[in-house]
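**Student:** The structure is given below, and queries will be raised subsequently.
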Amino acid sequence: MVRRVVTRWRRGLSVRGGELAFAVLGLPLGVLGAVYAVAVLYAGALLSLTVLGLPFVAAALVGARGIGGLHRRLVGRLLGEPVTAPPPLPRPSGVLARGRVVLADPVAWRALLYLLPRLPLGLLGFLAAVGLPLSAVWLAGFPLWVRLLEPGPRPVDWLDVAGLPAGLAVLTAVPAALRGLSRANRALARGLLGPVRSQQRVRELENARATLLAESADRLRRLERDLHDGTQAQLVALAITLSLADDLLGEPDGPGTHGPGTGGPGTGGPGTHGPGTDGSGTHGPGTRGSAADGSGTGGGHAPGRAHTSGPGRAGGPGLESGPDLGRLRALVDRARGQTDATIAGLRRLTRGIHPVALDAGLAEALPTLTATSPVPVTVRMDLRERPQEVIERAVYFCAAELLTNLAKHSGARTAELSASAVGGRVRLTVRDDGRGGAAIGHGAGTGLAGLAERLAAVDGVLRVDSPPGGPTVVSAELPSRL
């Protein structure tokens, strides 16, 4: 029990070093931030009627975003409150578009608003971290300070007696004051420096989409491996077996097979199925006697029994009990052809699921892809970083579809494919000297419109510049990571 009380007392008097440092730094940062916010609002209001108003406010908002990021890092490092960073500003093409995005940025406006209450909180924090300890020292040593300042005899009064307890009471209140102000600063940072609810929801959905895409890519890769290592290998083994069977059926028959006398009078005579087959050989003595069943009719009948086959049928080509070798060879050949076609289709399917060339990245996959194009394609690449696997697949299939469209519809003689991965962005550009006239159109799921929709699923953008008569330039831009 005593230990619990001591532990609670020690916790109540303890102060984190980060909280103390944040309280000391809070005053100068609060003053600078408040001056910045007031100056921006005042100057922005004065300049709003001039052409300098909007550019000034846009630049000030960019600065406010940066100051908000500094305070967010200080809160996370000193107060132990990690505040989720808002998403970066989009960077559309064009100065006006970028200015519009900055002026409508809620993160920058909230950061500017954050700087205003930081001044009173910073002042209170500085007083709690510096003013209260100095006051406690002054009160505790009040009798000494008075006698140092006023030499001579001085009677002891109630201030001399109450100074030391009052100083200790003020000193013990410092930790509680610092903790209360730290909680207020954490709440203010969470409310104004983090992403807004809509942005947080968008980020959650983006993370969920990235997870689903990664899982889908992993499943497709496992499926491709199963098809390649399992089903395709079994079909190849079946094709080899059929090839061996075809070779066996195509071998020439052994000596004496269909030899002289086959189909001749007397049931084929000696040598029809090897030595002695129709005489005293396979069917035993007297099996094909000449008295009862006519001149060598039918094999395997007892002597003296008539046979309906008529003369000479037993030794004719293609025994009734034997297989039709020609037809059997045709069926085996057909099965081999079907197996080969199935293997070829399965290989195309596995390449469509996950191209093997992508295992080494776009640096090897794209030149391999352009090598199969009927139109000569020049490849230029600047891949300083490797994108995420999902992005690599999107870029590869985008390039494959653009090259296919180029070969089918453009009538181009030459083409150029450029790919770059720099600064967190991946750019793919395909140029050709064809007839032009390409457009994204509105056909959902097909052509360039379908390609644009598939790129939009990974935050990509497809642009087409194809005037009639050419040349055509199709570019795709994607983030390197989702």
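How things are named: the first chain in the structure tokens is A, the next is B, and so on; residues count from 1 in each chain; ligands count from 1 in the order shown.
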Determine, counting only C-alpha atoms, which protein, DNA and RNA residues have an atom within 12 Å of an atom of segment 161-170 of chain A; residues of the same chain fewer than 6 positions away are not included. Present the result as a list in words.
**Tutor:**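 Once the nearby chain positions are removed, what remains is Leu13, Ala128, Ala129, Gly131, Leu132, Pro133, Leu134, Ser135, Ala136, Val137, Trp138, Leu139, Ala140, Gly141, Phe142, Pro143, Leu144, Trp145, Val146, Pro155, Ala176 and Ala177 of chain A.
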**Student:** Write out as number ranges by chain each polymer residue whose atoms come within 12 Å of segment 48-54 of chain A, counting only C-alpha atoms; drop sequence neighbours fewer than 3 positions from it.
**Tutor:** A: 40-45, 57-61, 96, 99-100, 102-104
**Student:** Go ahead and save the picked residues with C-alpha atoms, as a PDB file, in the first residue's frame.
**Tutor:**
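Dumped to out.pdb:
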```
ATOM      1  CA  VAL A  40      -0.934  36.742 -43.905  1.00  0.00           C
ATOM      2  CA  LEU A  41      -4.563  37.472 -43.092  1.00  0.00           C
ATOM      3  CA  TYR A  42      -4.035  41.229 -42.913  1.00  0.00           C
ATOM      4  CA  ALA A  43      -1.909  41.516 -46.055  1.00  0.00           C
ATOM      5  CA  GLY A  44      -4.145  39.095 -47.917  1.00  0.00           C
ATOM      6  CA  ALA A  45      -7.188  41.213 -47.103  1.00  0.00           C
ATOM      7  CA  VAL A  57      -2.246  34.179 -50.353  1.00  0.00           C
ATOM      8  CA  ALA A  58      -1.291  31.033 -52.308  1.00  0.00           C
ATOM      9  CA  ALA A  59       2.388  31.439 -51.421  1.00  0.00           C
ATOM     10  CA  ALA A  60       1.464  32.143 -47.784  1.00  0.00           C
ATOM     11  CA  LEU A  61      -0.660  28.991 -47.637  1.00  0.00           C
ATOM     12  CA  LEU A  96      -3.469  28.390 -62.679  1.00  0.00           C
ATOM     13  CA  GLY A  99      -2.787  27.924 -57.688  1.00  0.00           C
ATOM     14  CA  ARG A 100      -6.408  26.779 -57.549  1.00  0.00           C
ATOM     15  CA  VAL A 102      -3.338  25.556 -53.154  1.00  0.00           C
ATOM     16  CA  LEU A 103      -6.112  28.079 -52.473  1.00  0.00           C
ATOM     17  CA  ALA A 104      -8.602  25.255 -51.921  1.00  0.00           C
TER      18      ALA A 104
END
```
**Student:** Among segment 30-155 of chain A, which residues carry a DSSP assignment of helix (DSSP H, G or I), reported as a VMD selection string?
**Tutor:** chain A and resid 30 to 47 53 to 78 95 to 103 106 to 140 142 to 149
**Student:** What does the distance from atom CA of Ile343 of chain A to atom CA of Ala400 of chain A come to in Å, to one decimal?
**Tutor:**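 Pair atom CA of Ile343 of chain A / atom CA of Ala400 of chain A returns 22.1 Å.
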**Student:** May I ask which of the residues A:Gly450, A:Pro106, A:Gly326, A:Gly191 is the closest one to Leu89 of chain A, counting only C-alpha atoms?
**Tutor:** A:Pro106
**Student:** What's the 10 Å shell around Pro387 of chain A, counting only C-alpha atoms, without same-chain residues fewer than 3 positions away, as a VMD selection string?
**Tutor:** chain A and resid 361 to 362 383 to 384 390 to 393 395 421 to 422 424 to 426 478 to 482
**Student:** Quick check, in Å to one decimal: how far apart do atom CA of Ser466 of chain A and atom CA of Leu366 of chain A lie?
**Tutor:** 22.9 Å
**Student:** Atom CA of Arg65 of chain A and atom CA of Gln200 of chain A are how many Å apart?
**Tutor:** 17.1 Å
